[in-house]
file entry-v8.pdb (PDB, C-alpha atoms)
ATOM      1  CA  MET A  27       0.000   0.000   0.000
ATOM      2  CA  THR A  28       3.005   2.285  -0.301
ATOM      3  CA  PRO A  29       2.018   5.343  -2.311
ATOM      4  CA  GLY A  30       5.073   5.340  -4.537
ATOM      5  CA  PRO A  31       6.689   8.358  -6.150
ATOM      6  CA  VAL A  32       4.198  10.236  -8.308
ATOM      7  CA  ALA A  33       6.147   9.772 -11.516
ATOM      8  CA  ASP A  34       6.248   6.049 -10.870
ATOM      9  CA  ALA A  35       2.458   5.662 -10.926
ATOM     10  CA  ARG A  36       1.976   7.285 -14.325
ATOM     11  CA  THR A  37       2.296   4.311 -16.631
ATOM     12  CA  PRO A  38      -0.176   1.406 -16.725
ATOM     13  CA  ALA A  39       2.719  -1.024 -16.244
ATOM     14  CA  SER A  40       3.865   0.618 -13.021
ATOM     15  CA  ARG A  41       0.295   0.766 -11.698
ATOM     16  CA  PHE A  42      -0.008  -2.952 -12.490
ATOM     17  CA  ARG A  43       3.270  -3.603 -10.675
ATOM     18  CA  HIS A  44       2.003  -1.706  -7.624
ATOM     19  CA  GLY A  45      -1.034  -3.990  -7.578
ATOM     20  CA  LEU A  46       1.137  -7.098  -7.621
ATOM     21  CA  VAL A  47       3.314  -5.753  -4.808
ATOM     22  CA  ALA A  48       0.251  -4.848  -2.729
ATOM     23  CA  ALA A  49      -1.220  -8.342  -3.134
ATOM     24  CA  LEU A  50       2.020 -10.201  -2.444
ATOM     25  CA  PRO A  51       1.737 -10.219   1.387
ATOM     26  CA  LEU A  52      -1.663 -11.920   1.069
ATOM     27  CA  VAL A  53      -0.404 -14.787  -1.072
ATOM     28  CA  PRO A  54       0.733 -17.126   1.771
ATOM     29  CA  GLY A  55      -2.662 -16.868   3.456
ATOM     30  CA  VAL A  56      -4.571 -17.496   0.224
ATOM     31  CA  ALA A  57      -2.259 -20.343  -0.801
ATOM     32  CA  ALA A  58      -2.591 -22.052   2.588
ATOM     33  CA  PHE A  59      -6.360 -22.162   2.183
ATOM     34  CA  GLY A  60      -6.121 -23.126  -1.470
ATOM     35  CA  LEU A  61      -4.084 -26.151  -0.385
ATOM     36  CA  VAL A  62      -6.697 -27.197   2.143
ATOM     37  CA  TYR A  63      -9.459 -26.672  -0.410
ATOM     38  CA  GLY A  64      -7.648 -28.968  -2.870
ATOM     39  CA  VAL A  65      -7.278 -31.690  -0.248
ATOM     40  CA  LEU A  66     -10.904 -31.433   0.894
ATOM     41  CA  ALA A  67     -12.234 -31.418  -2.662
ATOM     42  CA  ARG A  68     -10.395 -34.634  -3.490
ATOM     43  CA  GLN A  69     -11.567 -36.226  -0.231
ATOM     44  CA  ALA A  70     -15.142 -35.225  -1.131
ATOM     45  CA  GLY A  71     -14.768 -37.291  -4.304
ATOM     46  CA  LEU A  72     -14.144 -34.616  -6.923
ATOM     47  CA  SER A  73     -11.731 -35.551  -9.699
ATOM     48  CA  LEU A  74      -8.532 -33.522 -10.044
ATOM     49  CA  PRO A  75      -9.805 -31.694 -13.167
ATOM     50  CA  ALA A  76     -13.097 -30.873 -11.414
ATOM     51  CA  THR A  77     -11.212 -29.650  -8.333
ATOM     52  CA  ILE A  78      -9.167 -27.240 -10.458
ATOM     53  CA  ALA A  79     -12.101 -26.262 -12.674
ATOM     54  CA  MET A  80     -14.031 -25.143  -9.598
ATOM     55  CA  SER A  81     -11.157 -22.916  -8.458
ATOM     56  CA  ALA A  82     -10.588 -21.523 -11.941
ATOM     57  CA  LEU A  83     -14.259 -20.837 -12.755
ATOM     58  CA  VAL A  84     -15.779 -19.987  -9.362
ATOM     59  CA  PHE A  85     -12.816 -18.372  -7.550
ATOM     60  CA  ALA A  86     -14.644 -18.033  -4.234
ATOM     61  CA  GLY A  87     -12.938 -19.574  -1.209
ATOM     62  CA  ALA A  88     -15.782 -19.694   1.286
ATOM     63  CA  SER A  89     -18.271 -20.999  -1.285
ATOM     64  CA  GLN A  90     -15.898 -23.691  -2.505
ATOM     65  CA  PHE A  91     -15.165 -24.883   1.027
ATOM     66  CA  THR A  92     -18.891 -25.084   1.715
ATOM     67  CA  ALA A  93     -19.606 -26.805  -1.601
ATOM     68  CA  VAL A  94     -17.072 -29.594  -1.074
ATOM     69  CA  SER A  95     -18.157 -30.049   2.548
ATOM     70  CA  ILE A  96     -21.754 -30.784   1.455
ATOM     71  CA  TRP A  97     -20.795 -32.423  -1.883
ATOM     72  CA  GLY A  98     -22.676 -35.672  -2.448
ATOM     73  CA  ARG A  99     -25.078 -34.965   0.408
ATOM     74  CA  ALA A 100     -26.727 -31.857  -1.055
ATOM     75  CA  SER A 101     -28.376 -31.583  -4.492
ATOM     76  CA  GLY A 102     -26.746 -29.556  -7.275
ATOM     77  CA  PRO A 103     -29.302 -26.728  -7.171
ATOM     78  CA  LEU A 104     -28.897 -26.481  -3.389
ATOM     79  CA  ILE A 105     -25.116 -26.133  -3.746
ATOM     80  CA  VAL A 106     -25.611 -23.389  -6.355
ATOM     81  CA  LEU A 107     -28.117 -21.595  -4.118
ATOM     82  CA  THR A 108     -25.736 -21.825  -1.152
ATOM     83  CA  THR A 109     -22.999 -20.321  -3.311
ATOM     84  CA  LEU A 110     -25.288 -17.449  -4.259
ATOM     85  CA  ILE A 111     -26.099 -16.700  -0.605
ATOM     86  CA  ILE A 112     -22.481 -16.885   0.561
ATOM     87  CA  ASN A 113     -21.425 -14.452  -2.173
ATOM     88  CA  LEU A 114     -24.184 -11.891  -1.617
ATOM     89  CA  ARG A 115     -21.676  -9.708   0.231
ATOM     90  CA  HIS A 116     -19.849  -9.202  -3.086
ATOM     91  CA  LEU A 117     -22.958  -7.416  -4.366
ATOM     92  CA  LEU A 118     -22.253  -4.715  -1.777
ATOM     93  CA  MET A 119     -18.541  -4.631  -2.581
ATOM     94  CA  GLY A 120     -19.376  -4.329  -6.287
ATOM     95  CA  ALA A 121     -21.740  -1.456  -5.480
ATOM     96  CA  SER A 122     -19.022   0.266  -3.475
ATOM     97  CA  VAL A 123     -16.404   0.035  -6.217
ATOM     98  CA  ALA A 124     -18.858   0.706  -9.095
ATOM     99  CA  PRO A 125     -18.561   4.536  -9.035
ATOM    100  CA  HIS A 126     -14.803   4.167  -9.564
ATOM    101  CA  LEU A 127     -15.308   1.909 -12.591
ATOM    102  CA  ARG A 128     -17.928   4.160 -14.214
ATOM    103  CA  GLU A 129     -15.623   5.282 -17.009
ATOM    104  CA  GLU A 130     -14.221   1.841 -17.789
ATOM    105  CA  SER A 131     -15.291  -0.216 -20.820
ATOM    106  CA  ARG A 132     -17.633  -3.207 -20.564
ATOM    107  CA  ALA A 133     -14.683  -5.552 -21.082
ATOM    108  CA  TRP A 134     -12.745  -4.030 -18.171
ATOM    109  CA  LYS A 135     -15.830  -4.137 -15.941
ATOM    110  CA  SER A 136     -16.463  -7.786 -16.839
ATOM    111  CA  ILE A 137     -12.900  -8.858 -16.120
ATOM    112  CA  LEU A 138     -12.524  -6.856 -12.905
ATOM    113  CA  ALA A 139     -15.880  -8.139 -11.607
ATOM    114  CA  PHE A 140     -14.809 -11.750 -12.196
ATOM    115  CA  GLY A 141     -11.785 -11.306  -9.940
ATOM    116  CA  LEU A 142     -13.527  -9.281  -7.231
ATOM    117  CA  VAL A 143     -12.861 -11.198  -4.014
ATOM    118  CA  ASP A 144     -12.748  -9.915  -0.416
ATOM    119  CA  GLU A 145      -9.002  -9.267  -0.487
ATOM    120  CA  SER A 146      -8.665  -7.707  -3.932
ATOM    121  CA  TYR A 147     -11.731  -5.520  -3.384
ATOM    122  CA  ALA A 148     -10.187  -4.312  -0.124
ATOM    123  CA  LEU A 149      -6.836  -3.478  -1.727
ATOM    124  CA  ALA A 150      -8.426  -1.784  -4.743
ATOM    125  CA  ILE A 151     -11.000   0.313  -2.852
ATOM    126  CA  SER A 152      -8.312   1.470  -0.401
ATOM    127  CA  ARG A 153      -6.263   2.671  -3.354
ATOM    128  CA  TYR A 154      -9.282   4.435  -4.866
ATOM    129  CA  LEU A 155      -9.980   6.127  -1.526
ATOM    130  CA  GLN A 156      -6.391   7.413  -1.506
ATOM    131  CA  GLY A 157      -7.014   8.859  -4.958
ATOM    132  CA  GLU A 158      -4.472   6.515  -6.521
ATOM    133  CA  GLY A 159      -6.725   3.688  -7.654
ATOM    134  CA  SER A 160      -6.657   2.342 -11.181
ATOM    135  CA  ARG A 161      -7.994  -0.534 -13.233
ATOM    136  CA  GLU A 162      -4.432  -1.840 -13.674
ATOM    137  CA  PHE A 163      -3.848  -1.937  -9.909
ATOM    138  CA  PHE A 164      -7.195  -3.702  -9.378
ATOM    139  CA  LEU A 165      -6.483  -6.202 -12.191
ATOM    140  CA  ALA A 166      -3.032  -7.026 -10.810
ATOM    141  CA  ALA A 167      -4.393  -7.614  -7.308
ATOM    142  CA  ASN A 168      -7.133  -9.869  -8.734
ATOM    143  CA  LEU A 169      -4.657 -11.765 -10.867
ATOM    144  CA  ALA A 170      -2.112 -12.363  -8.095
ATOM    145  CA  LEU A 171      -4.792 -13.803  -5.817
ATOM    146  CA  TYR A 172      -6.375 -15.794  -8.654
ATOM    147  CA  VAL A 173      -3.114 -17.468  -9.667
ATOM    148  CA  SER A 174      -2.290 -18.227  -6.008
ATOM    149  CA  TRP A 175      -5.726 -19.691  -5.434
ATOM    150  CA  VAL A 176      -5.800 -21.929  -8.536
ATOM    151  CA  LEU A 177      -2.204 -23.159  -8.199
ATOM    152  CA  SER A 178      -2.469 -23.927  -4.484
ATOM    153  CA  GLY A 179      -5.731 -25.778  -5.155
ATOM    154  CA  LEU A 180      -3.894 -27.841  -7.755
ATOM    155  CA  VAL A 181      -1.078 -28.657  -5.310
ATOM    156  CA  GLY A 182      -3.603 -29.584  -2.616
ATOM    157  CA  GLY A 183      -5.507 -31.725  -5.100
ATOM    158  CA  LEU A 184      -2.311 -33.545  -6.075
ATOM    159  CA  ALA A 185      -1.313 -34.001  -2.414
ATOM    160  CA  GLY A 186      -4.676 -35.698  -1.956
ATOM    161  CA  GLY A 187      -4.755 -37.603   1.288
ATOM    162  CA  GLN A 188      -1.889 -35.720   2.954
ATOM    163  CA  VAL A 189      -3.269 -33.701   5.845
ATOM    164  CA  VAL A 190      -2.439 -30.007   5.750
ATOM    165  CA  ASP A 191      -3.244 -27.738   8.670
ATOM    166  CA  PRO A 192      -2.585 -24.045   7.979
ATOM    167  CA  GLY A 193      -3.856 -23.219  11.472
ATOM    168  CA  ARG A 194      -0.662 -24.663  12.930
ATOM    169  CA  TRP A 195       1.432 -21.751  11.697
ATOM    170  CA  GLY A 196      -1.188 -19.127  12.260
ATOM    171  CA  PHE A 197      -1.596 -18.381   8.550
ATOM    172  CA  GLY A 198      -5.311 -18.157   9.199
ATOM    173  CA  LEU A 199      -4.450 -14.860  10.879
ATOM    174  CA  VAL A 200      -3.300 -13.302   7.604
ATOM    175  CA  PHE A 201      -6.912 -12.850   6.505
ATOM    176  CA  PRO A 202      -8.170 -10.795   9.495
ATOM    177  CA  LEU A 203      -4.815  -8.973   9.783
ATOM    178  CA  THR A 204      -5.124  -7.835   6.163
ATOM    179  CA  PHE A 205      -8.438  -6.145   6.807
ATOM    180  CA  LEU A 206      -7.217  -4.764  10.125
ATOM    181  CA  GLY A 207      -4.273  -3.197   8.304
ATOM    182  CA  LEU A 208      -6.667  -1.524   5.859
ATOM    183  CA  LEU A 209      -9.211  -0.503   8.506
ATOM    184  CA  VAL A 210      -7.065   1.026  11.251
ATOM    185  CA  PRO A 211      -5.538   3.839   9.123
ATOM    186  CA  ILE A 212      -8.987   5.167   8.121
ATOM    187  CA  LEU A 213     -10.421   5.115  11.665
ATOM    188  CA  GLY A 214      -9.285   8.698  12.320
ATOM    189  CA  ARG A 215     -12.596   9.991  10.971
ATOM    190  CA  PRO A 216     -15.310   9.762  13.678
ATOM    191  CA  ILE A 217     -18.119   8.591  11.356
ATOM    192  CA  THR A 218     -15.845   5.887   9.924
ATOM    193  CA  ALA A 219     -15.002   4.691  13.429
ATOM    194  CA  VAL A 220     -18.714   4.440  14.274
ATOM    195  CA  VAL A 221     -19.434   2.559  11.021
ATOM    196  CA  ALA A 222     -16.622   0.086  11.748
ATOM    197  CA  ALA A 223     -17.640  -0.430  15.382
ATOM    198  CA  VAL A 224     -21.285  -1.047  14.484
ATOM    199  CA  SER A 225     -20.376  -3.369  11.621
ATOM    200  CA  ALA A 226     -17.966  -5.412  13.778
ATOM    201  CA  LEU A 227     -20.515  -5.627  16.585
ATOM    202  CA  VAL A 228     -23.322  -6.801  14.287
ATOM    203  CA  ALA A 229     -21.040  -9.298  12.507
ATOM    204  CA  VAL A 230     -19.919 -10.890  15.781
ATOM    205  CA  ALA A 231     -23.328 -10.770  17.474
ATOM    206  CA  THR A 232     -25.148 -12.443  14.566
ATOM    207  CA  ALA A 233     -22.426 -14.891  13.488
ATOM    208  CA  ALA A 234     -24.061 -17.787  15.299
ATOM    209  CA  TRP A 235     -27.560 -16.927  14.013
ATOM    210  CA  LEU A 236     -26.818 -16.056  10.415
ATOM    211  CA  PRO A 237     -24.557 -18.680   8.863
ATOM    212  CA  GLY A 238     -23.435 -18.617   5.232
ATOM    213  CA  LYS A 239     -21.863 -15.178   5.759
ATOM    214  CA  GLY A 240     -25.352 -13.704   6.250
ATOM    215  CA  ASN A 241     -23.947 -11.942   9.297
ATOM    216  CA  LEU A 242     -21.489 -10.059   7.059
ATOM    217  CA  VAL A 243     -24.237  -8.873   4.721
ATOM    218  CA  LEU A 244     -26.290  -7.630   7.679
ATOM    219  CA  ALA A 245     -23.251  -6.008   9.322
ATOM    220  CA  ILE A 246     -22.248  -4.153   6.139
ATOM    221  CA  LEU A 247     -25.829  -2.959   5.519
ATOM    222  CA  VAL A 248     -26.356  -1.752   9.099
ATOM    223  CA  GLY A 249     -22.883  -0.212   9.416
ATOM    224  CA  SER A 250     -23.033   1.656   6.100
ATOM    225  CA  GLY A 251     -26.674   2.620   6.740
ATOM    226  CA  ILE A 252     -25.759   4.272  10.032
ATOM    227  CA  GLY A 253     -22.831   5.956   8.290
ATOM    228  CA  ALA A 254     -25.201   7.348   5.630
ATOM    229  CA  VAL A 255     -27.600   8.678   8.277
ATOM    230  CA  LEU A 256     -24.796  10.301  10.292
ATOM    231  CA  GLU A 257     -23.291  11.773   7.127
ATOM    232  CA  GLY A 258     -26.673  13.216   6.123
ATOM    233  CA  ARG A 259     -27.073  14.949   9.493
ATOM    234  CA  TRP A 260     -23.496  16.185   9.430
ATOM    235  CA  THR A 261     -23.851  17.853   6.033
ATOM    236  CA  SER A 262     -27.377  19.222   6.657
ATOM    237  CA  THR A 263     -26.314  21.019   9.851
ATOM    238  CA  GLU A 264     -23.243  22.548   8.254
TER
ATOM    239  CA  MET B  14     -26.946 -32.048 -12.399
ATOM    240  CA  ASP B  15     -23.548 -33.511 -13.210
ATOM    241  CA  VAL B  16     -20.340 -32.319 -11.564
ATOM    242  CA  TYR B  17     -19.510 -29.703 -14.180
ATOM    243  CA  GLY B  18     -23.110 -28.512 -14.263
ATOM    244  CA  VAL B  19     -22.893 -27.743 -10.534
ATOM    245  CA  ILE B  20     -19.522 -26.024 -10.958
ATOM    246  CA  LEU B  21     -20.866 -23.931 -13.833
ATOM    247  CA  GLY B  22     -23.927 -23.002 -11.774
ATOM    248  CA  MET B  23     -21.676 -21.965  -8.887
ATOM    249  CA  ALA B  24     -19.554 -19.901 -11.275
ATOM    250  CA  LEU B  25     -22.602 -18.095 -12.694
ATOM    251  CA  ALA B  26     -24.060 -17.449  -9.221
ATOM    252  CA  THR B  27     -20.750 -16.035  -8.035
ATOM    253  CA  TYR B  28     -20.224 -13.890 -11.122
ATOM    254  CA  ALA B  29     -23.757 -12.507 -10.855
ATOM    255  CA  THR B  30     -23.124 -11.210  -7.323
ATOM    256  CA  ARG B  31     -19.848  -9.603  -8.377
ATOM    257  CA  ALA B  32     -20.880  -8.068 -11.707
ATOM    258  CA  LEU B  33     -24.476  -6.978 -11.106
ATOM    259  CA  ALA B  34     -23.794  -3.800  -9.132
ATOM    260  CA  VAL B  35     -20.692  -2.943 -11.158
ATOM    261  CA  PHE B  36     -22.845  -2.781 -14.307
ATOM    262  CA  LEU B  37     -26.076  -1.407 -12.793
ATOM    263  CA  LEU B  38     -24.533   1.464 -10.829
ATOM    264  CA  SER B  39     -22.680   2.934 -13.776
ATOM    265  CA  ARG B  40     -24.720   6.144 -13.959
ATOM    266  CA  ARG B  41     -24.745   9.153 -11.612
ATOM    267  CA  LEU B  42     -26.211   8.112  -8.276
ATOM    268  CA  ARG B  43     -28.563   9.845  -5.847
ATOM    269  CA  PRO B  44     -26.709  11.581  -2.987
ATOM    270  CA  ALA B  45     -28.364   9.335  -0.376
ATOM    271  CA  LEU B  46     -27.043   6.242  -2.149
ATOM    272  CA  GLU B  47     -23.593   7.811  -2.513
ATOM    273  CA  ARG B  48     -23.542   8.486   1.242
ATOM    274  CA  PHE B  49     -24.356   4.822   1.828
ATOM    275  CA  LEU B  50     -21.768   3.492  -0.622
ATOM    276  CA  VAL B  51     -18.851   5.519   0.743
ATOM    277  CA  HIS B  52     -19.161   3.774   4.093
ATOM    278  CA  ILE B  53     -19.185   0.233   2.710
ATOM    279  CA  PRO B  54     -15.364  -0.155   2.728
ATOM    280  CA  ALA B  55     -14.999   0.526   6.471
ATOM    281  CA  ALA B  56     -18.008  -1.696   7.205
ATOM    282  CA  VAL B  57     -16.556  -4.493   5.048
ATOM    283  CA  PHE B  58     -13.077  -4.270   6.597
ATOM    284  CA  ALA B  59     -14.515  -4.398  10.131
ATOM    285  CA  ALA B  60     -16.953  -7.226   9.334
ATOM    286  CA  LEU B  61     -14.162  -9.331   7.804
ATOM    287  CA  ALA B  62     -11.459  -8.543  10.381
ATOM    288  CA  VAL B  63     -13.240  -8.803  13.708
ATOM    289  CA  PRO B  64     -15.325 -12.031  13.740
ATOM    290  CA  PRO B  65     -12.396 -14.416  12.955
ATOM    291  CA  LEU B  66     -10.505 -12.803  15.844
ATOM    292  CA  LEU B  67     -13.200 -12.488  18.510
ATOM    293  CA  ALA B  68     -15.515 -15.331  17.508
ATOM    294  CA  PRO B  69     -13.551 -17.857  15.426
ATOM    295  CA  GLU B  70     -16.161 -20.597  15.896
ATOM    296  CA  GLY B  71     -19.214 -18.354  15.772
ATOM    297  CA  SER B  72     -19.624 -17.550  19.463
ATOM    298  CA  LEU B  73     -17.558 -15.000  21.395
ATOM    299  CA  ALA B  74     -14.235 -16.639  22.337
ATOM    300  CA  PRO B  75     -11.249 -14.290  21.988
ATOM    301  CA  GLY B  76      -7.890 -16.008  22.393
ATOM    302  CA  LEU B  77      -4.282 -15.600  21.322
ATOM    303  CA  PRO B  78      -5.171 -14.519  17.745
ATOM    304  CA  ALA B  79      -7.274 -11.659  19.128
ATOM    305  CA  LEU B  80      -4.485 -10.584  21.478
ATOM    306  CA  ALA B  81      -1.894 -10.779  18.695
ATOM    307  CA  ALA B  82      -4.085  -8.695  16.388
ATOM    308  CA  PHE B  83      -4.635  -6.159  19.169
ATOM    309  CA  LEU B  84      -0.855  -5.807  19.514
ATOM    310  CA  ALA B  85      -0.614  -5.193  15.744
ATOM    311  CA  VAL B  86      -3.057  -2.245  15.837
ATOM    312  CA  PRO B  87      -0.433   0.427  16.723
ATOM    313  CA  ILE B  88       1.750  -0.856  13.886
ATOM    314  CA  ALA B  89      -1.185  -0.569  11.489
ATOM    315  CA  TRP B  90      -1.897   2.965  12.730
ATOM    316  CA  LYS B  91       1.716   4.089  12.443
ATOM    317  CA  THR B  92       2.740   2.447   9.160
ATOM    318  CA  ARG B  93      -0.720   2.670   7.479
ATOM    319  CA  GLN B  94       0.289  -0.406   5.499
ATOM    320  CA  VAL B  95      -0.943  -3.992   5.294
ATOM    321  CA  PHE B  96       2.346  -5.870   5.159
ATOM    322  CA  PRO B  97       3.865  -4.575   8.450
ATOM    323  CA  THR B  98       0.493  -5.223  10.098
ATOM    324  CA  ILE B  99       0.530  -8.855   8.968
ATOM    325  CA  LEU B 100       4.146  -9.297  10.081
ATOM    326  CA  ALA B 101       3.485  -7.693  13.478
ATOM    327  CA  GLY B 102       0.357  -9.782  14.045
ATOM    328  CA  LEU B 103       1.983 -13.078  13.020
ATOM    329  CA  GLY B 104       5.131 -12.227  15.016
ATOM    330  CA  ALA B 105       3.082 -11.435  18.103
ATOM    331  CA  TYR B 106       1.082 -14.639  17.635
ATOM    332  CA  TRP B 107       4.208 -16.829  17.360
ATOM    333  CA  LEU B 108       5.741 -15.100  20.382
ATOM    334  CA  LEU B 109       2.582 -15.572  22.443
ATOM    335  CA  ARG B 110       2.317 -19.220  21.435
ATOM    336  CA  TRP B 111       5.947 -19.720  22.465
ATOM    337  CA  LEU B 112       5.375 -17.948  25.801
ATOM    338  CA  VAL B 113       2.216 -19.935  26.545
ATOM    339  CA  GLY B 114       3.971 -23.117  25.519
TER
END
call {"tool": "encode", "arguments": {"input": "entry-v8.pdb", "output": "structure tokens"}}
result
Amino acid sequence: MTPGPVADARTPASRFRHGLVAALPLVPGVAAFGLVYGVLARQAGLSLPATIAMSALVFAGASQFTAVSIWGRASGPLIVLTTLIINLRHLLMGASVAPHLREESRAWKSILAFGLVDESYALAISRYLQGEGSREFFLAANLALYVSWVLSGLVGGLAGGQVVDPGRWGFGLVFPLTFLGLLVPILGRPITAVVAAVSALVAVATAAWLPGKGNLVLAILVGSGIGAVLEGRWTSTE
Amino acid sequence: MDVYGVILGMALATYATRALAVFLLSRRLRPALERFLVHIPAAVFAALAVPPLLAPEGSLAPGLPALAAFLAVPIAWKTRQVFPTILAGLGAYWLLRWLVG
């Protein structure tokens, strides 16, 4: 997330390179879970090509974990529906990044939307908020995570029965630490701090009641909603 | 549905959630909606960061990961970067694990 020298960010290639560099710290965390996904998918009875095809076409960690954990026990349509529900939060992320992609072509929008995952959205929107966002940065972040995810799934699928436990080394922490690292610097603004506190509270409080990441959707809606109300009051009294 | 039918269905469902808003919200938006959208990033970051730390299994049960992340907060504030935050958090976690045994 280093805002490099101004001259350095002028060419598409350097903006792309910045995206790769920004995504690099997240690769071990993504790869650790890709490995586990590959192992679980094979244990669930998916062939190696099907295991990789799912990673390459779906590219959604939480949904893929859920799919292979209910594979064979749930019907196809139910698995698809579950996937839809788990990914509903991306609708909100897409909405949040949409104003920044307004000027981009349909092709760019299509490609960037395909790679929009929690981590790459977070990196890209942070850049846009700093006024240094670009489609090349977003694409590079998407691509780095995509390649890590598909390749680690392949390795896990080949490893098959070998048991891998990323929790042992604490790599599971990379995921929350990533978002913490993006959140903390923007907490200086009071409304933002309230939004974050409310969202965290709702997400934790409803985690047990709203599975399938439903708690995240609710938390984001309530948090942003309160932010919008506070912002409205703020500007109307000024 | 055969295996690849399910995978294709999953892919379409996922892509729909990611692309829908990107394509639909491509015109000028009403101020109220803009005010809502600008707060989504902070809400997303908090919703993704906090539950795995405070409630890893769904119910409130903060442990070493939460403490390690808490120790990484000043680093995040000072450096304003992701990588040092990850390093500080993982470092603190390994240290705590070693101390606890």
call {"tool": "residues_around", "arguments": {"input": "entry-v8.pdb", "residues": "Ser131 (chain A)", "least_positions_apart": "3", "cutoff": "12 Å", "atoms": "all atoms listed in the file", "output": "tab-separated table (two decimals) with C-alpha atoms, in the frame of the given file"}}
result
chain	number	residue	atom	x	y	z
A	127	LEU	CA	-15.31	1.91	-12.59
A	128	ARG	CA	-17.93	4.16	-14.21
A	134	TRP	CA	-12.74	-4.03	-18.17
A	135	LYS	CA	-15.83	-4.14	-15.94
A	136	SER	CA	-16.46	-7.79	-16.84
A	137	ILE	CA	-12.90	-8.86	-16.12
A	138	LEU	CA	-12.52	-6.86	-12.90
A	161	ARG	CA	-7.99	-0.53	-13.23
B	35	VAL	CA	-20.69	-2.94	-11.16
B	36	PHE	CA	-22.84	-2.78	-14.31
B	39	SER	CA	-22.68	2.93	-13.78
call {"tool": "resolve_selection", "arguments": {"input": "entry-v8.pdb", "expression": "the PyMOL selection byres ((chain B and resi 63) around 9)", "output": "list in words"}}
result
Pro202, Phe205, Leu206, Ala226, Leu227, Ala229 and Val230 of chain A; Phe58, Ala59, Ala60, Leu61, Ala62, Pro64, Pro65, Leu66, Leu67, Ala68 and Ala79 of chain B
call {"tool": "interface_residues", "arguments": {"input": "entry-v8.pdb", "of": "chain B", "to": "chain A", "cutoff": "7 Å", "atoms": "all atoms listed in the file", "output": "JSON, numbers by chain"}}
result
{"B": [14, 19, 20, 22, 23, 24, 26, 27, 28, 30, 31, 32, 33, 34, 35, 38, 39, 48, 49, 50, 51, 52, 53, 55, 56, 57, 58, 59, 60, 61, 62, 63, 64, 65, 68, 71, 72, 78, 82, 86, 89, 90, 93, 94, 95, 96, 98, 99, 102, 103]}
call {"tool": "resolve_selection", "arguments": {"input": "entry-v8.pdb", "expression": "the PyMOL selection byres ((chain A and resi 60-69) around 8)", "output": "PyMOL selection string"}}
result
chain A and resi 56-59+70-74+77-78+87+90-91+94-95+174-192
call {"tool": "closest_residue", "arguments": {"input": "entry-v8.pdb", "among": "A:Arg215, A:Gly238, A:Leu171, A:Ala133", "to": "Pro54 (chain A)", "atoms": "all atoms listed in the file"}}
result
A:Leu171
call {"tool": "resolve_selection", "arguments": {"input": "entry-v8.pdb", "expression": "the PyMOL selection byres ((chain A and resi 41) around 10)", "output": "number ranges by chain"}}
result
A: 30, 34-40, 42-47, 158-166
call {"tool": "atom_distance", "arguments": {"input": "entry-v8.pdb", "atom1": "CA of Ala85 (chain B)", "atom2": "CA of Pro97 (chain B)"}}
result
8.6 Å
call {"tool": "atom_distance", "arguments": {"input": "entry-v8.pdb", "atom1": "CA of Pro216 (chain A)", "atom2": "CA of Ala105 (chain B)"}}
result
28.4 Å
call {"tool": "axis_aligned_box", "arguments": {"input": "entry-v8.pdb", "around": "region 32-41 of chain B", "padding_each_side": "8 Å", "output": "lines of an AutoDock Vina configuration file"}}
result
center_x = -23.4
center_y = 0.5
center_z = -11.7
size_x = 21.4
size_y = 33.2
size_z = 21.2
call {"tool": "decode", "arguments": {"input": "entry-v8.pdb", "residues": "region 83-92 of chain B", "atoms": "N, CA and C atoms", "output": "compact mmCIF listing (two decimals), in the first residue's frame"}}
result
# COMPACT_ATOMS: atom_id res chain seq x y z
N PHE B 83 -4.55 -7.39 18.37
CA PHE B 83 -4.63 -6.16 19.17
C PHE B 83 -3.26 -5.49 19.26
N LEU B 84 -2.22 -6.33 19.43
CA LEU B 84 -0.86 -5.81 19.51
C LEU B 84 -0.39 -5.22 18.18
N ALA B 85 -1.01 -5.68 17.07
CA ALA B 85 -0.61 -5.19 15.74
C ALA B 85 -1.28 -3.86 15.39
N VAL B 86 -2.31 -3.47 16.15
CA VAL B 86 -3.06 -2.24 15.84
C VAL B 86 -2.17 -0.99 15.79
N PRO B 87 -1.30 -0.77 16.80
CA PRO B 87 -0.43 0.43 16.72
C PRO B 87 0.47 0.42 15.50
N ILE B 88 0.91 -0.76 15.10
CA ILE B 88 1.75 -0.86 13.89
C ILE B 88 0.94 -0.44 12.66
N ALA B 89 -0.30 -0.92 12.60
CA ALA B 89 -1.18 -0.57 11.49
C ALA B 89 -1.42 0.94 11.45
N TRP B 90 -1.63 1.52 12.63
CA TRP B 90 -1.90 2.96 12.73
C TRP B 90 -0.69 3.77 12.29
N LYS B 91 0.50 3.33 12.73
CA LYS B 91 1.72 4.09 12.44
C LYS B 91 2.19 3.92 11.00
N THR B 92 2.21 2.67 10.50
CA THR B 92 2.74 2.45 9.16
C THR B 92 1.69 2.70 8.09
